[in-house]
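So this one's protein05.txt, compact mmCIF, C-alpha atoms and all ligand atoms:
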# COMPACT_ATOMS: atom_id res chain seq x y z
CA MET A 253 149.26 138.15 116.81
CA SER A 254 151.85 138.21 119.58
CA ASN A 255 150.09 135.58 121.71
CA ASN A 256 149.98 132.97 118.91
CA LYS A 257 150.90 129.56 120.31
CA VAL A 258 152.44 128.40 117.03
CA THR A 259 154.75 130.87 115.39
CA ARG A 260 154.95 131.24 111.64
CA ARG A 261 158.46 129.79 111.72
CA GLN A 262 157.31 126.76 113.72
CA PHE A 263 154.34 126.20 111.43
CA LEU A 264 156.58 126.25 108.39
CA SER A 265 159.16 123.96 109.89
CA TYR A 266 156.48 121.46 110.98
CA THR A 267 154.77 121.36 107.62
CA LEU A 268 158.04 121.17 105.70
CA THR A 269 159.32 118.38 107.95
CA GLY A 270 156.01 116.56 107.54
CA VAL A 271 155.87 116.85 103.77
CA GLY A 272 159.58 116.10 103.43
CA GLY A 273 159.29 113.09 105.71
CA PHE A 274 156.32 111.82 103.73
CA MET A 275 158.22 112.11 100.46
CA ALA A 276 161.33 110.48 101.90
CA ALA A 277 159.22 107.63 103.27
CA GLY A 278 157.49 107.15 99.93
CA MET A 279 160.89 106.87 98.31
CA LEU A 280 162.56 104.66 100.90
CA MET A 281 159.70 102.32 101.82
CA PRO A 282 159.74 100.30 98.56
CA MET A 283 163.53 99.99 98.71
CA VAL A 284 163.57 98.83 102.33
CA ARG A 285 160.74 96.34 101.76
CA PHE A 286 162.64 95.10 98.69
CA ALA A 287 165.78 94.59 100.76
CA ILE A 288 164.13 92.72 103.63
CA ASP A 289 162.10 90.46 101.32
CA PRO A 290 164.15 87.30 102.08
CA VAL A 291 162.99 87.49 105.71
CA LEU A 292 159.34 87.84 104.76
CA GLN A 293 159.09 85.46 101.80
CA LYS A 294 157.20 82.38 102.83
CA LYS A 295 158.86 79.08 102.04
CA ASP A 296 156.67 76.21 101.00
CA GLY A 297 157.28 73.00 102.97
CA GLY A 298 159.72 70.61 101.36
CA ASP A 299 158.78 67.56 99.35
CA PHE A 300 159.97 64.08 100.23
CA VAL A 301 163.05 62.89 98.36
CA THR A 302 163.30 59.23 97.44
CA THR A 303 166.66 57.66 98.33
CA ASP A 304 168.08 54.46 96.84
CA VAL A 305 168.01 52.66 100.20
CA ALA A 306 165.41 49.92 100.74
CA VAL A 307 163.69 50.25 104.11
CA ALA A 308 164.03 46.48 104.59
CA ASP A 309 167.84 46.76 104.44
CA ILE A 310 168.15 49.33 107.21
CA THR A 311 169.87 47.97 110.34
CA GLU A 312 170.21 49.25 113.88
CA GLU A 313 173.65 50.65 113.09
CA PRO A 314 173.47 54.31 111.98
CA THR A 315 174.43 54.39 108.31
CA ARG A 316 175.20 57.33 106.10
CA VAL A 317 172.55 57.89 103.40
CA ASP A 318 173.08 60.55 100.74
CA PHE A 319 170.06 61.88 98.93
CA THR A 320 169.96 64.29 96.01
CA PHE A 321 167.25 66.76 95.13
CA GLU A 322 166.64 69.81 92.98
CA GLN A 323 167.15 73.01 94.96
CA VAL A 324 165.66 76.26 93.72
CA ASP A 325 167.83 79.10 95.02
CA ALA A 326 166.19 82.28 93.71
CA TRP A 327 167.22 82.34 90.01
CA TYR A 328 169.57 79.38 90.33
CA THR A 329 168.37 75.79 90.24
CA SER A 330 170.80 73.00 90.99
CA GLU A 331 171.17 69.45 92.25
CA VAL A 332 172.11 69.38 95.91
CA THR A 333 173.16 66.33 97.90
CA ASN A 334 172.35 66.11 101.62
CA THR A 335 173.22 63.44 104.12
CA ALA A 336 171.26 61.64 106.84
CA TRP A 337 172.31 59.11 109.47
CA VAL A 338 169.69 56.37 109.23
CA TYR A 339 168.98 53.41 111.50
CA LYS A 340 166.14 51.21 112.68
CA SER A 341 164.79 51.74 116.17
CA GLY A 342 162.19 49.13 117.04
CA ASP A 343 159.64 49.35 114.25
CA SER A 344 160.44 52.84 113.17
CA ILE A 345 163.14 54.38 111.03
CA VAL A 346 165.20 57.26 112.41
CA ALA A 347 167.05 59.65 110.09
CA LEU A 348 169.20 62.17 111.92
CA SER A 349 170.47 65.40 110.46
CA PRO A 350 174.29 65.59 110.45
CA ILE A 351 174.32 69.32 111.22
CA CYS A 352 175.96 69.93 114.59
CA LYS A 353 173.81 72.00 116.95
CA HIS A 354 176.83 73.86 118.23
CA LEU A 355 177.92 75.87 115.19
CA GLY A 356 176.84 73.84 112.20
CA CYS A 357 179.73 71.52 111.35
CA THR A 358 179.00 67.98 110.15
CA VAL A 359 178.91 65.08 112.58
CA ASN A 360 179.95 61.46 111.95
CA TRP A 361 178.81 58.29 113.62
CA ALA A 362 181.70 56.82 115.58
CA GLY A 363 183.87 59.66 114.36
CA ASP A 364 186.00 59.47 117.49
CA ALA A 365 187.57 56.06 118.17
CA GLU A 366 187.13 56.61 121.92
CA TYR A 367 183.35 56.86 121.57
CA PRO A 368 182.38 54.23 118.98
CA ASP A 369 178.66 54.46 119.81
CA GLN A 370 178.25 58.22 119.62
CA PHE A 371 178.10 60.88 116.95
CA PHE A 372 181.20 63.05 116.95
CA CYS A 373 181.73 66.57 115.66
CA PRO A 374 185.39 67.28 114.80
CA CYS A 375 185.14 71.06 115.04
CA HIS A 376 184.95 71.44 118.83
CA GLU A 377 184.61 67.81 119.88
CA GLY A 378 180.85 67.87 120.34
CA ARG A 379 179.25 64.47 120.93
CA TYR A 380 175.73 63.04 120.66
CA GLU A 381 174.16 59.76 121.66
CA LYS A 382 172.60 57.46 119.11
CA ASN A 383 169.17 59.14 119.37
CA GLY A 384 170.78 62.53 118.78
CA LYS A 385 170.84 63.68 122.40
CA ASN A 386 173.76 65.99 123.00
CA VAL A 387 176.26 64.75 125.58
CA PRO A 388 176.39 67.24 128.49
CA GLY A 389 179.74 68.87 128.94
CA THR A 390 180.44 68.99 125.17
CA PRO A 391 179.74 72.22 123.24
CA PRO A 392 176.35 71.49 121.59
CA LEU A 393 173.37 72.88 123.51
CA GLY A 394 170.65 70.75 121.91
CA PRO A 395 169.96 67.41 120.19
CA LEU A 396 170.47 66.73 116.48
CA ASP A 397 167.43 67.44 114.26
CA VAL A 398 165.58 64.51 112.72
CA PHE A 399 164.34 64.24 109.13
CA GLU A 400 160.74 63.28 108.46
CA VAL A 401 160.77 59.82 106.88
CA ARG A 402 158.32 57.54 105.07
CA GLU A 403 158.40 54.47 102.86
CA SER A 404 157.66 54.64 99.14
CA ALA A 405 155.27 52.25 97.45
CA ASP A 406 158.18 50.08 96.29
CA GLY A 407 159.82 49.95 99.70
CA LEU A 408 162.42 52.72 99.36
CA LEU A 409 163.24 55.21 102.09
CA GLU A 410 161.95 58.73 101.51
CA ILE A 411 163.35 61.71 103.40
CA GLY A 412 161.58 65.02 104.07
CA MET A 413 162.21 68.20 106.07
CA ALA A 414 164.47 68.38 109.12
CA VAL A 415 162.41 69.01 112.28
CA PRO A 416 163.40 69.37 115.95
CA ASN A 417 164.36 66.12 117.63
CA ASN A 418 161.38 64.34 119.22
CA LEU A 419 163.30 61.29 120.50
CA VAL A 420 165.01 62.75 123.57
CA MET B 121 163.97 114.97 122.64
CA LEU B 122 165.65 115.58 119.27
CA ASN B 123 166.54 119.07 120.46
CA LYS B 124 168.16 117.62 123.55
CA ILE B 125 170.25 115.15 121.53
CA TYR B 126 171.25 117.96 119.18
CA ASP B 127 172.24 120.23 122.08
CA TRP B 128 174.21 117.42 123.70
CA VAL B 129 176.25 116.85 120.54
CA ASP B 130 176.53 120.55 119.77
CA GLU B 131 177.84 121.33 123.23
CA ARG B 132 180.74 118.95 122.64
CA LEU B 133 181.40 119.36 118.91
CA ASP B 134 180.09 122.84 118.07
CA ILE B 135 178.36 121.58 114.92
CA THR B 136 176.08 124.59 114.45
CA PRO B 137 178.63 126.64 112.47
CA ILE B 138 179.29 123.64 110.21
CA TRP B 139 175.73 123.19 108.99
CA ARG B 140 175.04 126.93 109.01
CA ASP B 141 177.94 127.34 106.65
CA ILE B 142 176.42 124.73 104.33
CA ALA B 143 172.71 125.47 104.61
CA ASP B 144 172.25 129.01 105.81
CA HIS B 145 172.63 131.43 102.93
CA GLU B 146 170.71 134.05 101.04
CA VAL B 147 168.34 133.00 98.27
CA PRO B 148 168.29 136.15 96.11
CA GLU B 149 164.92 137.39 94.98
CA HIS B 150 165.55 136.67 91.29
CA VAL B 151 166.01 132.94 91.93
CA ASN B 152 163.07 132.56 94.33
CA PRO B 153 159.92 131.23 92.60
CA ALA B 154 157.82 132.80 95.38
CA HIS B 155 158.79 136.21 94.01
CA HIS B 156 158.94 135.54 90.30
CA PHE B 157 157.33 132.29 89.27
CA SER B 158 159.61 132.00 86.25
CA ALA B 159 162.49 131.54 88.69
CA PHE B 160 161.51 127.87 88.89
CA VAL B 161 164.14 127.31 86.21
CA TYR B 162 166.71 127.76 88.96
CA CYS B 163 165.37 124.57 90.57
CA PHE B 164 166.56 122.31 87.77
CA GLY B 165 170.05 121.87 89.23
CA GLY B 166 168.59 120.82 92.57
CA LEU B 167 166.11 118.53 90.84
CA THR B 168 168.93 116.91 88.90
CA PHE B 169 170.66 116.26 92.21
CA PHE B 170 167.44 114.85 93.70
CA VAL B 171 167.05 112.33 90.87
CA THR B 172 170.77 111.50 91.17
CA VAL B 173 170.19 110.62 94.84
CA ILE B 174 167.31 108.35 93.84
CA GLN B 175 169.52 106.68 91.25
CA ILE B 176 172.25 106.01 93.78
CA LEU B 177 169.85 104.65 96.41
CA SER B 178 167.81 102.45 94.05
CA GLY B 179 171.02 101.23 92.42
CA MET B 180 172.48 100.20 95.76
CA PHE B 181 169.38 98.18 96.50
CA LEU B 182 169.30 96.56 93.05
CA THR B 183 172.80 95.15 93.56
CA MET B 184 171.43 93.09 96.46
CA TYR B 185 169.93 90.77 93.83
CA TYR B 186 171.70 91.52 90.56
CA VAL B 187 174.66 89.42 89.38
CA PRO B 188 176.96 90.61 86.57
CA ASP B 189 177.39 87.21 84.95
CA ILE B 190 176.17 86.23 81.48
CA GLU B 191 174.55 83.01 82.72
CA ASN B 192 172.63 84.63 85.54
CA ALA B 193 172.25 88.35 84.88
CA TRP B 194 168.98 88.16 82.98
CA ASN B 195 167.52 85.61 85.39
CA SER B 196 168.49 87.66 88.43
CA VAL B 197 166.83 90.74 86.94
CA TYR B 198 163.72 88.70 86.09
CA TYR B 199 163.69 87.34 89.64
CA LEU B 200 164.12 90.67 91.38
CA GLN B 201 161.45 92.30 89.23
CA ASN B 202 158.84 89.54 89.45
CA GLU B 203 159.49 87.59 92.65
CA VAL B 204 160.78 90.16 95.13
CA ALA B 205 158.34 92.53 96.87
CA PHE B 206 158.43 96.00 95.27
CA GLY B 207 160.97 94.74 92.75
CA GLU B 208 159.03 96.33 89.93
CA ILE B 209 159.01 99.66 91.78
CA VAL B 210 162.69 99.67 92.72
CA ARG B 211 163.80 98.62 89.25
CA GLY B 212 161.31 101.10 87.80
CA MET B 213 162.80 103.94 89.83
CA HIS B 214 166.26 103.19 88.48
CA HIS B 215 165.03 102.59 84.93
CA TRP B 216 162.90 105.73 84.54
CA GLY B 217 165.17 107.81 86.74
CA ALA B 218 168.04 107.14 84.34
CA SER B 219 166.16 108.97 81.61
CA LEU B 220 164.72 111.63 83.90
CA VAL B 221 168.15 112.59 85.20
CA ILE B 222 169.29 113.31 81.64
CA VAL B 223 166.18 115.43 80.99
CA MET B 224 166.70 117.39 84.22
CA MET B 225 170.40 117.87 83.53
CA PHE B 226 169.58 119.14 80.04
CA LEU B 227 167.00 121.63 81.38
CA HIS B 228 169.52 122.79 84.00
CA THR B 229 172.13 123.29 81.28
CA LEU B 230 169.63 125.29 79.21
CA ARG B 231 168.91 127.51 82.22
CA VAL B 232 172.60 128.13 82.79
CA PHE B 233 173.04 128.85 79.08
CA PHE B 234 170.12 131.22 78.61
CA THR B 235 170.82 133.17 81.81
CA GLY B 236 174.43 133.52 80.64
CA SER B 237 175.57 132.09 83.97
CA TYR B 238 178.51 130.33 82.34
CA LYS B 239 180.37 133.64 81.93
CA LYS B 240 183.42 134.65 83.94
CA PRO B 241 184.05 133.68 86.73
CA ARG B 242 181.80 130.65 86.29
CA GLU B 243 183.41 129.13 83.16
CA LEU B 244 185.22 126.69 85.40
CA ASN B 245 181.93 125.43 86.79
CA TRP B 246 180.59 125.07 83.26
CA MET B 247 183.57 122.85 82.50
CA VAL B 248 182.92 120.81 85.62
CA GLY B 249 179.32 120.56 84.38
CA VAL B 250 180.46 119.23 81.01
CA GLY B 251 182.43 116.58 82.90
CA ILE B 252 179.31 115.64 84.89
CA PHE B 253 177.36 115.48 81.64
CA GLY B 254 179.85 113.01 80.16
CA ILE B 255 179.77 110.83 83.27
CA MET B 256 175.98 110.76 83.23
CA LEU B 257 175.98 109.58 79.62
CA GLY B 258 178.58 106.96 80.57
CA LEU B 259 176.37 105.74 83.39
CA GLY B 260 173.46 105.45 80.97
CA PHE B 261 175.56 103.55 78.41
CA THR B 262 177.09 101.07 80.86
CA GLY B 263 173.86 100.55 82.79
CA TYR B 264 171.91 99.73 79.64
CA LEU B 265 173.88 96.51 79.10
CA LEU B 266 173.37 95.12 82.58
CA PRO B 267 169.94 93.41 82.13
CA TRP B 268 171.66 91.32 79.41
CA ASP B 269 168.62 91.03 77.17
CA MET B 270 168.58 91.37 73.37
CA LYS B 271 168.05 95.12 73.44
CA ALA B 272 170.95 95.57 75.85
CA LEU B 273 173.26 93.38 73.80
CA PHE B 274 172.60 95.02 70.44
CA ALA B 275 172.58 98.56 71.80
CA THR B 276 175.99 97.91 73.30
CA LYS B 277 177.27 96.36 70.06
CA VAL B 278 176.30 99.53 68.24
CA GLY B 279 177.75 101.75 70.97
CA ILE B 280 181.04 99.89 70.91
CA GLU B 281 181.17 100.08 67.10
CA ILE B 282 180.73 103.85 67.38
CA ALA B 283 183.67 103.96 69.75
CA ALA B 284 185.63 101.72 67.37
CA SER B 285 185.20 104.24 64.56
CA VAL B 286 187.58 106.68 66.27
CA PRO B 287 190.60 107.12 63.95
CA PHE B 288 193.79 105.20 64.82
CA ILE B 289 192.94 104.15 68.40
CA GLY B 290 189.35 102.97 67.73
CA GLY B 291 190.30 99.30 67.81
CA MET B 292 192.04 99.71 71.13
CA ILE B 293 189.09 101.54 72.67
CA LYS B 294 186.82 98.77 71.50
CA THR B 295 188.94 96.04 73.09
CA LEU B 296 189.28 98.07 76.24
CA LEU B 297 185.51 98.49 76.53
CA ALA B 298 184.51 94.96 75.53
CA GLY B 299 187.38 93.17 77.26
CA ASP B 300 187.94 91.12 74.10
CA GLU B 301 188.83 91.87 70.50
CA VAL B 302 185.80 90.12 68.99
CA ILE B 303 183.46 88.82 71.66
CA LEU B 304 180.94 91.02 73.38
CA GLY B 305 180.31 88.71 76.31
CA ALA B 306 181.35 87.64 79.77
CA GLN B 307 184.16 90.17 80.13
CA THR B 308 182.13 92.99 78.68
CA LEU B 309 179.40 92.50 81.25
CA THR B 310 181.74 92.43 84.24
CA ARG B 311 183.60 95.51 82.98
CA PHE B 312 180.44 97.47 82.35
CA PHE B 313 179.18 96.51 85.79
CA ALA B 314 182.38 97.66 87.49
CA ILE B 315 182.39 100.91 85.53
CA HIS B 316 178.70 101.48 86.21
CA VAL B 317 178.71 100.91 89.95
CA PHE B 318 182.23 101.87 91.07
CA PHE B 319 184.27 103.94 88.66
CA LEU B 320 181.74 106.40 87.25
CA PRO B 321 179.90 107.03 90.54
CA ALA B 322 183.25 107.74 92.24
CA ALA B 323 184.13 110.24 89.53
CA LEU B 324 180.61 111.69 89.73
CA PHE B 325 180.92 112.31 93.48
CA GLY B 326 184.17 114.14 92.94
CA LEU B 327 182.77 116.38 90.23
CA LEU B 328 179.52 117.03 92.12
CA ALA B 329 181.53 118.12 95.14
CA ALA B 330 183.56 120.48 92.94
CA HIS B 331 180.34 121.75 91.33
CA PHE B 332 178.72 122.59 94.67
CA ILE B 333 181.84 124.07 96.26
CA LEU B 334 182.22 126.38 93.26
CA ILE B 335 178.58 127.48 93.54
CA ARG B 336 179.05 128.33 97.24
CA ARG B 337 182.28 130.19 96.53
CA GLN B 338 181.00 132.16 93.57
CA GLY B 339 177.38 132.54 94.62
CA ILE B 340 174.51 132.24 92.20
CA SER B 341 174.76 134.46 89.15
CA GLY B 342 172.93 137.82 89.16
CA PRO B 343 169.56 138.72 87.59
CA LEU B 344 169.24 139.22 83.85
C1 LIG A 501 174.29 115.66 87.80
C2 LIG A 501 174.22 116.77 87.13
C3 LIG A 501 174.16 118.19 87.72
C4 LIG A 501 173.73 118.57 88.98
C5 LIG A 501 173.22 117.67 90.10
C6 LIG A 501 173.86 120.01 89.03
C7 LIG A 501 173.51 120.79 90.12
C8 LIG A 501 173.57 122.16 90.17
C9 LIG A 501 172.98 123.00 91.17
C10 LIG A 501 172.14 122.48 92.39
C11 LIG A 501 173.26 124.30 90.86
C12 LIG A 501 172.76 125.56 91.60
C13 LIG A 501 171.86 126.40 90.70
C14 LIG A 501 170.66 125.70 90.14
O1 LIG A 501 170.08 124.83 90.80
O2 LIG A 501 170.25 126.02 88.99
C15 LIG A 501 174.10 124.28 89.68
C16 LIG A 501 174.65 125.43 89.06
C17 LIG A 501 175.42 125.41 87.89
N1 LIG A 501 175.57 124.33 87.03
FE1 LIG A 501 175.00 122.45 87.42
N2 LIG A 501 174.39 120.47 87.84
C18 LIG A 501 174.58 119.40 87.01
C19 LIG A 501 175.05 119.44 85.69
C20 LIG A 501 175.53 120.59 85.05
C21 LIG A 501 175.92 120.64 83.65
C22 LIG A 501 175.80 119.45 82.69
C23 LIG A 501 176.35 121.93 83.42
C24 LIG A 501 176.88 122.57 82.14
C25 LIG A 501 177.42 121.91 81.13
C26 LIG A 501 176.27 122.66 84.66
C27 LIG A 501 176.66 123.97 84.85
C28 LIG A 501 176.35 124.74 85.96
C29 LIG A 501 176.78 126.10 86.16
C30 LIG A 501 177.68 126.95 85.23
C31 LIG A 501 176.19 126.53 87.39
C32 LIG A 501 176.30 127.90 88.05
C33 LIG A 501 175.06 128.67 87.63
C34 LIG A 501 174.84 129.92 88.41
O3 LIG A 501 175.65 130.24 89.29
O4 LIG A 501 173.83 130.59 88.11
N3 LIG A 501 175.74 121.82 85.62
N4 LIG A 501 174.27 122.97 89.27
S1 LIG A 502 180.33 72.91 115.53
FE1 LIG A 502 180.13 70.91 116.31
S2 LIG A 502 181.12 71.07 118.19
FE2 LIG A 502 181.27 73.12 117.46
Could I get this file's structure written as structure tokens?
Ligand code: HEM
Ligand code: FES
Amino acid sequence: MSNNKVTRRQFLSYTLTGVGGFMAAGMLMPMVRFAIDPVLQKKDGGDFVTTDVAVADITEEPTRVDFTFEQVDAWYTSEVTNTAWVYKSGDSIVALSPICKHLGCTVNWAGDAEYPDQFFCPCHEGRYEKNGKNVPGTPPLGPLDVFEVRESADGLLEIGMAVPNNLV
Amino acid sequence: MLNKIYDWVDERLDITPIWRDIADHEVPEHVNPAHHFSAFVYCFGGLTFFVTVIQILSGMFLTMYYVPDIENAWNSVYYLQNEVAFGEIVRGMHHWGASLVIVMMFLHTLRVFFTGSYKKPRELNWMVGVGIFGIMLGLGFTGYLLPWDMKALFATKVGIEIAASVPFIGGMIKTLLAGDEVILGAQTLTRFFAIHVFFLPAALFGLLAAHFILIRRQGISGPL
């Protein structure tokens, strides 16, 4: 008995730790998975929202377009209004997201009188060119996102998900 | 690895005496089920504590989704049970555990009663136990309203009417519980939520600490 590699005490402490750990894991696993669910829930891609702006009326000057849609936030469903800066560029329509790529404030076209042909973010004076490209030397590190756009059967602008900028 | 970390901390803080003082003590033969199987009745206190721990943990996680508001409470419970992964399990733990903890506490009380362990010097711990018992019932009563379904609403109406039947101060107790003289609604739900998740658990922790300190001081009662 004296040359046993595993003592009785060790054997007991291993088995008790094992069984105890198994029980603790069985108890905690559902709770942890429950808590981290928002990270793992898959979101279905957004639908297009029809605005009240006719595609034919869109000019080359970025214009603010508000669009309202039904947002399902877990158990709470509500009407939410988002904004896009919309203009015509050649044949295509561009709709830029107003969310600043620095820290998420809201940008305005020509928001700073000194730069009438740029987007301006009032929070830390970030600036973007018309196609959303961030002006070097101002805080934002990337270009403004663009919304997917399409035209409805009766000629109205429809706006979809925001995707990374493909114009710069 | 773990041993090394332990030694490193122990060398600086001398923690061994602390946990030895808490965990290292005699289990007398008459309470050890390995010696006399019938001694399993001495496990009921520990089992009550085990279920209490589950209640506290599962409750903490439930509040990540639950809202104590009459417009949203039922919907948030429906959402967490049906749309969140393991929601049914986590809510189930809290739901069934609430009844199990009462059963365990009752069995523990029976053990203490039939072994005569409440006698001097342990009367004080019996009184602490009665306090714990009351808090547990309070937790069950306040928690029952939170899902804000029909059963919750009418059970609470009845419960509050029982409280209102107390002579002289019944009406005041009722208003204090419901937050309004006539309506059982928005203010009742927020009050019950606050009592269920903050006030009663805080009181429970205090009494449990007293309960356990008394047991360590007085030791477990002797054999029959
Ligand atoms: C949350 C509820 C409770 C918990 C977690 C709890 C826990 C414990 C534990 C772990 C013990 C050690 C002995 C054993 O496990 O049997 C104990 C002993 C004791 N409990 Fe409780 N208890 C609770 C409720 C109560 C109630 C409701 C009463 C009586 C009304 C009570 C009265 C006592 C007494 C007098 C002792 C000392 C018994 C002895 O030394 O033999 N407890 N309790
Ligand atoms: S958030 Fe826009 S510049 Fe900082």
**Item:** Closest of B:Glu243, B:Glu281, B:Glu301, B:Glu191 to chain A - atom-to-atom distances counting only C-alpha atoms
**Value:**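 Among the listed residues, B:Glu191 lies closest to chain A.
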**Asked** Given a cut-off of 7 Å, what residues near ligand LIG 501 (chain A) show up using only C-alpha atoms and all ligand atoms, put as a ChimeraX atom specification?
**Response** /B:161-166,168-169,172,225-226,228-229,232,237-238,242-243,245-250,252-253,256,328,331-332,335,339-341
Could you turn the residues from that selection into a file that holds C-alpha atoms, as a CSV table (one decimal), in the coordinates of the input?
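Final output, saved to result_18.csv:
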chain,number,residue,atom,x,y,z
B,161,VAL,CA,164.1,127.3,86.2
B,162,TYR,CA,166.7,127.8,89.0
B,163,CYS,CA,165.4,124.6,90.6
B,164,PHE,CA,166.6,122.3,87.8
B,165,GLY,CA,170.0,121.9,89.2
B,166,GLY,CA,168.6,120.8,92.6
B,168,THR,CA,168.9,116.9,88.9
B,169,PHE,CA,170.7,116.3,92.2
B,172,THR,CA,170.8,111.5,91.2
B,225,MET,CA,170.4,117.9,83.5
B,226,PHE,CA,169.6,119.1,80.0
B,228,HIS,CA,169.5,122.8,84.0
B,229,THR,CA,172.1,123.3,81.3
B,232,VAL,CA,172.6,128.1,82.8
B,237,SER,CA,175.6,132.1,84.0
B,238,TYR,CA,178.5,130.3,82.3
B,242,ARG,CA,181.8,130.6,86.3
B,243,GLU,CA,183.4,129.1,83.2
B,245,ASN,CA,181.9,125.4,86.8
B,246,TRP,CA,180.6,125.1,83.3
B,247,MET,CA,183.6,122.8,82.5
B,248,VAL,CA,182.9,120.8,85.6
B,249,GLY,CA,179.3,120.6,84.4
B,250,VAL,CA,180.5,119.2,81.0
B,252,ILE,CA,179.3,115.6,84.9
B,253,PHE,CA,177.4,115.5,81.6
B,256,MET,CA,176.0,110.8,83.2
B,328,LEU,CA,179.5,117.0,92.1
B,331,HIS,CA,180.3,121.8,91.3
B,332,PHE,CA,178.7,122.6,94.7
B,335,ILE,CA,178.6,127.5,93.5
B,339,GLY,CA,177.4,132.5,94.6
B,340,ILE,CA,174.5,132.2,92.2
B,341,SER,CA,174.8,134.5,89.2
**Message:** I need the chain A residues near chain B as a PyMOL selection string; criterion: at most 10 Å, counting all atoms listed in the file.
**Reply:** chain A and resi 279-290+292-293+326-328
**Asked** Separation of CA of Leu327 (chain B) and CA of Leu296 (chain B), in Å?
**Response**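 Going from CA of Leu327 (chain B) over to CA of Leu296 (chain B), I get 23.9 Å.
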Report as a PDB file with C-alpha atoms, keeping the file's coordinate frame which protein, DNA and RNA residues come within 9 Å of ligand LIG 502 (chain A), using only C-alpha atoms and all ligand atoms.
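pocket_31.pdb, written as the output of this step:
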ATOM      1  CA  ILE A 351     174.320  69.320 111.220  1.00  0.00           C
ATOM      2  CA  CYS A 352     175.960  69.930 114.590  1.00  0.00           C
ATOM      3  CA  LYS A 353     173.810  72.000 116.950  1.00  0.00           C
ATOM      4  CA  HIS A 354     176.830  73.860 118.230  1.00  0.00           C
ATOM      5  CA  LEU A 355     177.920  75.870 115.190  1.00  0.00           C
ATOM      6  CA  GLY A 356     176.840  73.840 112.200  1.00  0.00           C
ATOM      7  CA  CYS A 357     179.730  71.520 111.350  1.00  0.00           C
ATOM      8  CA  THR A 358     179.000  67.980 110.150  1.00  0.00           C
ATOM      9  CA  VAL A 359     178.910  65.080 112.580  1.00  0.00           C
ATOM     10  CA  PHE A 372     181.200  63.050 116.950  1.00  0.00           C
ATOM     11  CA  CYS A 373     181.730  66.570 115.660  1.00  0.00           C
ATOM     12  CA  PRO A 374     185.390  67.280 114.800  1.00  0.00           C
ATOM     13  CA  CYS A 375     185.140  71.060 115.040  1.00  0.00           C
ATOM     14  CA  HIS A 376     184.950  71.440 118.830  1.00  0.00           C
ATOM     15  CA  GLU A 377     184.610  67.810 119.880  1.00  0.00           C
ATOM     16  CA  GLY A 378     180.850  67.870 120.340  1.00  0.00           C
ATOM     17  CA  ARG A 379     179.250  64.470 120.930  1.00  0.00           C
ATOM     18  CA  THR A 390     180.440  68.990 125.170  1.00  0.00           C
ATOM     19  CA  PRO A 391     179.740  72.220 123.240  1.00  0.00           C
ATOM     20  CA  PRO A 392     176.350  71.490 121.590  1.00  0.00           C
TER      21      PRO A 392
END
**Item:** region 139-142 of chain B surroundings by all atoms listed in the file, 12 Å radius, close-in-sequence under 3 positions cut, as a list of chain:residue names
**Value:**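 What passes the distance filter is B:Asp130, B:Asp134, B:Ile135, B:Thr136, B:His145, B:Glu146, B:Phe332, B:Ile333, B:Ile335, B:Arg336, B:Arg337.
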Test item: axis-aligned box, all listed atoms of region 259-266 of chain B, 6 Å on each side, centre and edges in Å rounded to one decimal, as JSON:
{"center_x": 174.5, "center_y": 100.4, "center_z": 80.9, "size_x": 17.2, "size_y": 22.6, "size_z": 17.0}
**Item:** Computed interatomic separation between CA of Ala330 (chain B) and CA of Leu230 (chain B) (Å)
**Value:** 20.1 Å
**Spatial neighbours of Leu396 (chain A), max dist 8 Å, only C-alpha atoms, sep filter under 4 positions, as JSON, numbers by chain** = {"A": [348, 349, 350, 351, 352, 353, 380, 384, 385, 386, 416, 417]}
**Request:** Please tell me which residues are no farther than 12 Å from (171.9, 93.7, 79.8) in the file, counting all atoms listed in the file, and write them as an MDAnalysis selection string.
**Result:** chainID B and resid 186:198 260:277 304:306 308:310 312:313
**Polymer residues at most 9 Å from Ile411 (chain A), only C-alpha atoms, same-chain spacing of 3 or more positions, as JSON, numbers by chain** = {"A": [299, 300, 301, 302, 303, 319, 336, 347, 399, 400, 401, 402, 403, 414]}
**Prompt:** For the atom pair CA of Phe318 (chain B) and CA of Leu259 (chain B), what is the interatomic distance in Å to one decimal place?
**Reply:** 10.4 Å
**Prompt:** Contacts of Lys294 (chain B) at 12 Å or less, counting all atoms listed in the file, minus same-chain residues fewer than 5 places along, as JSON, numbers by chain?
**Reply:** {"B": [276, 277, 278, 279, 280, 281, 282, 283, 284, 285, 286, 287, 288, 289, 299, 300, 301, 302, 303, 304, 308]}
**Message:** Need to verify the contact set: Glu322 (chain A), 10 Å, all atoms listed in the file, exclusion of same-chain residues closer than 6 positions in sequence. Can you return it as number ranges by chain?
**Reply:** A: 301, 329-333
